[in-house]
file query03.csv (CSV, C-alpha atoms)
chain,number,residue,atom,x,y,z
A,1,MET,CA,33.2,146.3,-117.9
A,2,THR,CA,29.9,146.3,-119.9
A,3,ALA,CA,27.5,149.2,-120.2
A,4,GLY,CA,25.0,147.3,-118.2
A,5,SER,CA,27.4,146.7,-115.3
A,6,GLU,CA,28.4,150.4,-115.4
A,7,ARG,CA,24.7,151.4,-115.0
A,8,VAL,CA,24.3,149.0,-112.1
A,9,GLY,CA,27.4,150.2,-110.4
A,10,GLY,CA,26.4,153.9,-110.9
A,11,THR,CA,23.0,153.2,-109.4
A,12,ARG,CA,24.5,151.5,-106.4
A,13,GLN,CA,26.7,154.4,-105.6
A,14,TRP,CA,23.9,156.9,-106.2
A,15,LEU,CA,21.7,155.0,-103.8
A,16,ARG,CA,24.4,154.7,-101.2
A,17,GLY,CA,24.8,158.5,-101.3
A,18,LEU,CA,21.1,159.2,-100.5
A,19,GLY,CA,20.5,160.4,-97.0
A,20,VAL,CA,18.3,158.6,-94.5
A,21,PHE,CA,17.0,159.5,-91.0
A,22,ALA,CA,18.0,163.1,-91.7
A,23,GLY,CA,15.8,164.8,-89.1
A,24,PRO,CA,15.7,164.5,-85.3
A,25,LEU,CA,14.4,161.1,-84.3
A,26,PRO,CA,12.1,160.5,-81.3
A,27,ASP,CA,13.2,158.4,-78.3
A,28,PHE,CA,11.9,154.9,-77.7
A,29,ASP,CA,12.5,153.1,-74.4
A,30,PRO,CA,11.1,149.5,-74.7
A,31,ASP,CA,11.4,149.1,-70.9
A,32,HIS,CA,8.5,151.6,-70.6
A,33,ALA,CA,6.4,150.2,-73.4
A,34,PRO,CA,2.8,149.3,-72.5
A,35,ALA,CA,1.7,145.7,-72.1
A,36,ASP,CA,-0.7,146.0,-75.1
A,37,PRO,CA,0.8,146.6,-78.6
A,38,VAL,CA,-2.4,148.5,-79.7
A,39,ARG,CA,-1.7,151.2,-77.0
A,40,LEU,CA,1.9,151.6,-78.3
A,41,PHE,CA,0.7,151.7,-81.9
A,42,LEU,CA,-1.9,154.3,-81.2
A,43,SER,CA,0.6,156.5,-79.4
A,44,TRP,CA,3.0,156.3,-82.3
A,45,LEU,CA,0.2,157.1,-84.7
A,46,VAL,CA,-0.9,160.1,-82.7
A,47,GLU,CA,2.7,161.4,-82.7
A,48,ALA,CA,2.9,160.9,-86.4
A,49,VAL,CA,-0.3,162.9,-87.0
A,50,ALA,CA,0.7,165.6,-84.6
A,51,ASP,CA,4.1,166.1,-86.3
A,52,GLY,CA,2.5,166.2,-89.8
A,53,VAL,CA,3.9,162.9,-91.1
A,54,ARG,CA,2.3,162.5,-94.5
A,55,ASP,CA,-0.4,159.8,-94.9
A,56,PRO,CA,0.3,158.3,-91.4
A,57,HIS,CA,-2.6,155.9,-91.8
A,58,ALA,CA,-1.3,154.4,-95.0
A,59,MET,CA,0.0,150.8,-94.7
A,60,MET,CA,1.4,148.0,-96.8
A,61,LEU,CA,-0.8,144.9,-96.9
A,62,SER,CA,1.1,141.7,-97.9
A,63,THR,CA,-0.7,138.5,-98.9
A,64,VAL,CA,0.0,135.2,-100.6
A,65,ASP,CA,-1.9,133.6,-103.4
A,66,SER,CA,-2.8,129.9,-103.9
A,67,ALA,CA,0.6,129.3,-105.7
A,68,GLY,CA,2.5,130.7,-102.7
A,69,ASP,CA,3.5,133.9,-104.6
A,70,PRO,CA,3.6,137.1,-102.5
A,71,ASP,CA,1.7,140.2,-103.3
A,72,ALA,CA,1.7,143.7,-101.7
A,73,ARG,CA,-0.1,147.0,-102.0
A,74,VAL,CA,-0.7,150.2,-100.0
A,75,LEU,CA,-4.1,150.6,-98.3
A,76,ILE,CA,-5.6,152.9,-95.7
A,77,LEU,CA,-6.1,151.8,-92.1
A,78,LYS,CA,-9.8,151.8,-91.3
A,79,GLY,CA,-9.7,151.1,-87.6
A,80,VAL,CA,-7.7,149.5,-84.8
A,81,GLY,CA,-8.7,148.1,-81.5
A,82,SER,CA,-8.8,145.0,-79.3
A,83,SER,CA,-9.9,142.8,-82.2
A,84,GLY,CA,-7.1,144.0,-84.5
A,85,TRP,CA,-6.3,146.2,-87.4
A,86,GLN,CA,-8.9,146.8,-90.1
A,87,PHE,CA,-8.8,147.4,-93.8
A,88,SER,CA,-11.3,147.0,-96.6
A,89,GLY,CA,-11.5,145.7,-100.2
A,90,HIS,CA,-13.6,143.9,-102.8
A,91,ALA,CA,-14.0,140.2,-102.3
A,92,PHE,CA,-13.4,139.6,-106.0
A,93,SER,CA,-10.2,141.6,-106.2
A,94,PRO,CA,-6.8,139.9,-106.2
A,95,LYS,CA,-6.4,140.6,-102.5
A,96,GLY,CA,-9.9,139.3,-101.7
A,97,GLY,CA,-9.2,136.1,-103.6
A,98,GLN,CA,-5.8,135.7,-101.9
A,99,LEU,CA,-7.3,136.2,-98.5
A,100,ALA,CA,-10.1,133.7,-99.3
A,101,CYS,CA,-7.6,130.9,-100.0
A,102,ASN,CA,-5.0,131.9,-97.4
A,103,PRO,CA,-6.6,134.1,-94.7
A,104,ARG,CA,-3.3,135.3,-93.2
A,105,ALA,CA,-1.5,138.6,-93.9
A,106,ALA,CA,1.1,141.1,-92.9
A,107,LEU,CA,0.8,144.9,-92.4
A,108,THR,CA,3.6,147.4,-92.5
A,109,PHE,CA,3.5,151.0,-91.4
A,110,TYR,CA,6.4,153.3,-92.1
A,111,TRP,CA,6.8,156.9,-90.8
A,112,PRO,CA,10.1,158.1,-92.3
A,113,GLU,CA,10.2,161.4,-90.5
A,114,HIS,CA,10.3,159.5,-87.2
A,115,GLY,CA,12.4,156.6,-88.4
A,116,ARG,CA,9.7,154.3,-87.3
A,117,GLN,CA,8.0,151.2,-88.7
A,118,VAL,CA,5.5,148.8,-87.3
A,119,ARG,CA,5.1,145.2,-88.6
A,120,ILE,CA,2.1,143.1,-87.9
A,121,ARG,CA,1.3,139.5,-88.8
A,122,GLY,CA,-1.8,137.5,-88.1
A,123,SER,CA,-5.0,135.9,-89.3
A,124,VAL,CA,-7.7,137.8,-91.3
A,125,THR,CA,-11.4,137.5,-91.0
A,126,PRO,CA,-14.2,139.3,-93.0
A,127,GLY,CA,-16.7,141.5,-91.3
A,128,THR,CA,-20.4,140.9,-90.9
A,129,ALA,CA,-22.9,142.0,-93.6
A,130,GLU,CA,-23.8,145.0,-91.5
A,131,GLU,CA,-20.1,146.0,-90.9
A,132,ASN,CA,-19.3,145.6,-94.6
A,133,ALA,CA,-22.3,147.7,-95.6
A,134,ALA,CA,-21.4,150.5,-93.1
A,135,ASP,CA,-17.8,150.7,-94.4
A,136,PHE,CA,-19.0,150.7,-98.0
A,137,LEU,CA,-21.5,153.6,-97.4
A,138,ASP,CA,-18.7,155.6,-95.6
A,139,ARG,CA,-16.8,155.8,-99.0
A,140,SER,CA,-17.2,158.6,-101.5
A,141,PRO,CA,-19.7,158.2,-104.3
A,142,THR,CA,-16.8,157.8,-106.8
A,143,ALA,CA,-15.2,155.1,-104.7
A,144,ARG,CA,-18.5,153.3,-104.3
A,145,ALA,CA,-19.1,153.4,-108.1
A,146,HIS,CA,-15.6,152.0,-108.8
A,147,ALA,CA,-16.4,149.1,-106.4
A,148,LEU,CA,-19.7,148.4,-108.0
A,149,LEU,CA,-18.0,148.1,-111.4
A,150,GLY,CA,-16.3,145.0,-109.9
A,151,ARG,CA,-13.4,145.1,-112.3
A,152,GLN,CA,-10.4,145.9,-110.1
A,153,SER,CA,-7.1,144.9,-111.6
A,154,GLN,CA,-8.6,143.7,-114.9
A,155,TYR,CA,-7.1,144.8,-118.2
A,156,LEU,CA,-8.4,148.2,-119.3
A,157,THR,CA,-8.5,148.4,-123.1
A,158,ASP,CA,-10.7,151.6,-123.5
A,159,VAL,CA,-10.7,154.5,-121.0
A,160,ALA,CA,-13.9,155.7,-122.6
A,161,ASP,CA,-15.7,152.5,-121.7
A,162,ARG,CA,-14.5,152.9,-118.1
A,163,ASP,CA,-15.7,156.4,-117.8
A,164,GLN,CA,-19.1,155.5,-119.3
A,165,ALA,CA,-19.6,152.7,-116.9
A,166,LEU,CA,-18.5,154.9,-114.0
A,167,ALA,CA,-20.9,157.6,-114.9
A,168,LYS,CA,-23.7,154.9,-115.1
A,169,TYR,CA,-23.0,153.7,-111.5
A,170,LEU,CA,-22.6,157.3,-110.2
A,171,ALA,CA,-26.1,158.0,-111.5
A,172,LEU,CA,-27.4,154.8,-109.9
A,173,ILE,CA,-25.9,155.8,-106.6
A,174,GLU,CA,-27.5,159.2,-106.8
A,175,GLN,CA,-30.9,157.5,-107.3
A,176,GLU,CA,-30.2,154.9,-104.6
A,177,PRO,CA,-27.9,156.4,-102.0
A,178,SER,CA,-28.1,153.3,-99.8
A,179,LEU,CA,-27.1,150.9,-102.5
A,180,VAL,CA,-24.4,148.5,-101.2
A,181,ASP,CA,-22.1,146.1,-103.1
A,182,SER,CA,-22.5,142.8,-101.3
A,183,ALA,CA,-18.9,141.8,-102.2
A,184,TRP,CA,-17.4,144.8,-100.4
A,185,THR,CA,-15.6,143.5,-97.3
A,186,LEU,CA,-14.2,145.0,-94.1
A,187,TYR,CA,-11.4,142.8,-93.0
A,188,THR,CA,-9.8,142.5,-89.5
A,189,LEU,CA,-6.3,141.2,-89.0
A,190,ALA,CA,-6.0,139.7,-85.5
A,191,PRO,CA,-2.3,140.0,-84.7
A,192,ALA,CA,-0.1,137.1,-83.6
A,193,GLU,CA,3.0,139.3,-83.7
A,194,VAL,CA,3.6,143.1,-83.6
A,195,GLU,CA,7.0,144.5,-84.0
A,196,PHE,CA,8.0,148.2,-83.3
A,197,TRP,CA,11.2,149.4,-85.0
A,198,GLN,CA,12.8,152.7,-84.0
A,199,ALA,CA,15.7,153.9,-86.2
A,200,ALA,CA,18.9,155.5,-84.8
A,201,LYS,CA,21.5,157.5,-86.7
A,202,SER,CA,24.1,155.2,-85.2
A,203,ARG,CA,22.4,152.3,-87.0
A,204,ILE,CA,22.0,150.6,-83.7
A,205,HIS,CA,18.2,150.5,-84.1
A,206,THR,CA,15.7,149.5,-81.3
A,207,ARG,CA,13.3,146.7,-82.0
A,208,LEU,CA,10.6,145.4,-79.7
A,209,ARG,CA,8.3,142.5,-80.6
A,210,TYR,CA,5.1,141.5,-79.0
A,211,GLU,CA,4.0,137.9,-79.3
A,212,ARG,CA,0.6,136.7,-78.4
A,213,THR,CA,0.2,133.8,-75.9
A,214,ARG,CA,-2.7,132.2,-74.2
A,215,ASP,CA,-2.4,134.6,-71.3
A,216,GLY,CA,-1.9,137.8,-73.4
A,217,TRP,CA,1.2,139.3,-74.8
A,218,GLU,CA,4.9,138.7,-74.2
A,219,ARG,CA,7.6,141.3,-75.2
A,220,PHE,CA,11.0,140.6,-76.6
A,221,ARG,CA,13.9,142.9,-77.6
A,222,LEU,CA,15.4,141.9,-80.9
A,223,TRP,CA,18.9,142.4,-82.4
A,224,SER,CA,18.9,145.2,-84.9
call {"tool": "encode", "arguments": {"input": "query03.csv", "output": "structure tokens"}}
result
Amino acid sequence: MTAGSERVGGTRQWLRGLGVFAGPLPDFDPDHAPADPVRLFLSWLVEAVADGVRDPHAMMLSTVDSAGDPDARVLILKGVGSSGWQFSGHAFSPKGGQLACNPRAALTFYWPEHGRQVRIRGSVTPGTAEENAADFLDRSPTARAHALLGRQSQYLTDVADRDQALAKYLALIEQEPSLVDSAWTLYTLAPAEVEFWQAAKSRIHTRLRYERTRDGWERFRLWS
């Protein structure tokens, strides 16, 4: 056995020994789920907030680039309602470019203390100029300054250059508090599918998928 295989084998055993779903898990009865997935999502989110789940509004955004390669990153949920789930970003960032060429995405929420996850897939549309501006101005001055730099995910060769540029834009924002980056975008994902996943210590997990139809939503139980 090589040293490399020993390390891999050791890691596998170490990972298998880690606990999961350690605390008490909430109940979930799909037969009593509401007809609208937004209502169920909000009830789960409210429970996560009430129970002190850390960063309950954090979510994974998954996109695909023009070559078909997937990408993912964690963002903060900006809103949810009848139109869908909202998040924001710079139009010239990698995610902005990916959404421009392939305006479909997936969102994943995971609340480990409750053993719950929600998976959402659908089409993505940008907001109006007014909606984008309002979202931008809701951000902190430092976050706005970073956006105005317009260099997200580019190579950083000198931290001093970044700090100098950031200070310049912070000063500009102080002089012009209503300054808006026209490339800042509030996106809305209109769901075609929403899946709710409730863990069980027995590993017989409960899964419920909502699928959009012409007449509204249909619900389906899934094998775990």
call {"tool": "closest_residue", "arguments": {"input": "query03.csv", "among": "A:Val194, A:His205, A:Gly79, A:Trp223", "to": "Ala35 in chain A", "atoms": "all atoms listed in the file"}}
result
A:Val194
call {"tool": "closest_residue", "arguments": {"input": "query03.csv", "among": "A:Ser182, A:Ser83, A:Thr142, A:Gln164", "to": "Glu130 in chain A", "atoms": "only C-alpha atoms"}}
result
A:Ser182
call {"tool": "residues_around", "arguments": {"input": "query03.csv", "residues": "Ala145 in chain A", "least_positions_apart": "3", "cutoff": "9 Å", "atoms": "only C-alpha atoms", "output": "PyMOL selection string"}}
result
chain A and resi 140-142+148-149+165-170+172-173
call {"tool": "atom_distance", "arguments": {"input": "query03.csv", "atom1": "CA of His90 in chain A", "atom2": "CA of Ala190 in chain A"}}
result
19.4 Å
call {"tool": "closest_residue", "arguments": {"input": "query03.csv", "among": "A:Ser178, A:Gly89, A:Thr188, A:Glu113", "to": "Pro126 in chain A", "atoms": "only C-alpha atoms"}}
result
A:Thr188
call {"tool": "residues_around", "arguments": {"input": "query03.csv", "residues": "Phe21 in chain A", "least_positions_apart": "4", "cutoff": "12 Å", "atoms": "only C-alpha atoms", "output": "list in words"}}
result
Leu25, Pro26, Trp111, Pro112, Glu113, His114, Gly115, Arg116, Gln198, Ala199, Ala200, Lys201, Ser202, Arg203 and His205 of chain A
call {"tool": "write_last_selection", "arguments": {"input": "query03.csv", "atoms": "C-alpha atoms", "output": "PDB file, keeping the file's coordinate frame"}}
result
ATOM      1  CA  LEU A  25      14.400 161.100 -84.300  1.00  0.00           C
ATOM      2  CA  PRO A  26      12.100 160.500 -81.300  1.00  0.00           C
ATOM      3  CA  TRP A 111       6.800 156.900 -90.800  1.00  0.00           C
ATOM      4  CA  PRO A 112      10.100 158.100 -92.300  1.00  0.00           C
ATOM      5  CA  GLU A 113      10.200 161.400 -90.500  1.00  0.00           C
ATOM      6  CA  HIS A 114      10.300 159.500 -87.200  1.00  0.00           C
ATOM      7  CA  GLY A 115      12.400 156.600 -88.400  1.00  0.00           C
ATOM      8  CA  ARG A 116       9.700 154.300 -87.300  1.00  0.00           C
ATOM      9  CA  GLN A 198      12.800 152.700 -84.000  1.00  0.00           C
ATOM     10  CA  ALA A 199      15.700 153.900 -86.200  1.00  0.00           C
ATOM     11  CA  ALA A 200      18.900 155.500 -84.800  1.00  0.00           C
ATOM     12  CA  LYS A 201      21.500 157.500 -86.700  1.00  0.00           C
ATOM     13  CA  SER A 202      24.100 155.200 -85.200  1.00  0.00           C
ATOM     14  CA  ARG A 203      22.400 152.300 -87.000  1.00  0.00           C
ATOM     15  CA  HIS A 205      18.200 150.500 -84.100  1.00  0.00           C
TER      16      HIS A 205
END
call {"tool": "residues_around", "arguments": {"input": "query03.csv", "residues": "Tyr110 in chain A", "least_positions_apart": "5", "cutoff": "10 Å", "atoms": "all atoms listed in the file", "output": "list in words"}}
result
Val53, Asp55, Pro56, His57, Ala58, Met59, Met60, Gly115, Arg116, Gln117, Val118, Arg119 and Trp197 of chain A
call {"tool": "write_last_selection", "arguments": {"input": "query03.csv", "atoms": "C-alpha atoms", "output": "PDB file, keeping the file's coordinate frame"}}
result
ATOM      1  CA  VAL A  53       3.900 162.900 -91.100  1.00  0.00           C
ATOM      2  CA  ASP A  55      -0.400 159.800 -94.900  1.00  0.00           C
ATOM      3  CA  PRO A  56       0.300 158.300 -91.400  1.00  0.00           C
ATOM      4  CA  HIS A  57      -2.600 155.900 -91.800  1.00  0.00           C
ATOM      5  CA  ALA A  58      -1.300 154.400 -95.000  1.00  0.00           C
ATOM      6  CA  MET A  59       0.000 150.800 -94.700  1.00  0.00           C
ATOM      7  CA  MET A  60       1.400 148.000 -96.800  1.00  0.00           C
ATOM      8  CA  GLY A 115      12.400 156.600 -88.400  1.00  0.00           C
ATOM      9  CA  ARG A 116       9.700 154.300 -87.300  1.00  0.00           C
ATOM     10  CA  GLN A 117       8.000 151.200 -88.700  1.00  0.00           C
ATOM     11  CA  VAL A 118       5.500 148.800 -87.300  1.00  0.00           C
ATOM     12  CA  ARG A 119       5.100 145.200 -88.600  1.00  0.00           C
ATOM     13  CA  TRP A 197      11.200 149.400 -85.000  1.00  0.00           C
TER      14      TRP A 197
END
call {"tool": "closest_residue", "arguments": {"input": "query03.csv", "among": "A:Val159, A:Ala192, A:Val180, A:Ile76", "to": "Ala129 in chain A", "atoms": "all atoms listed in the file"}}
result
A:Val180
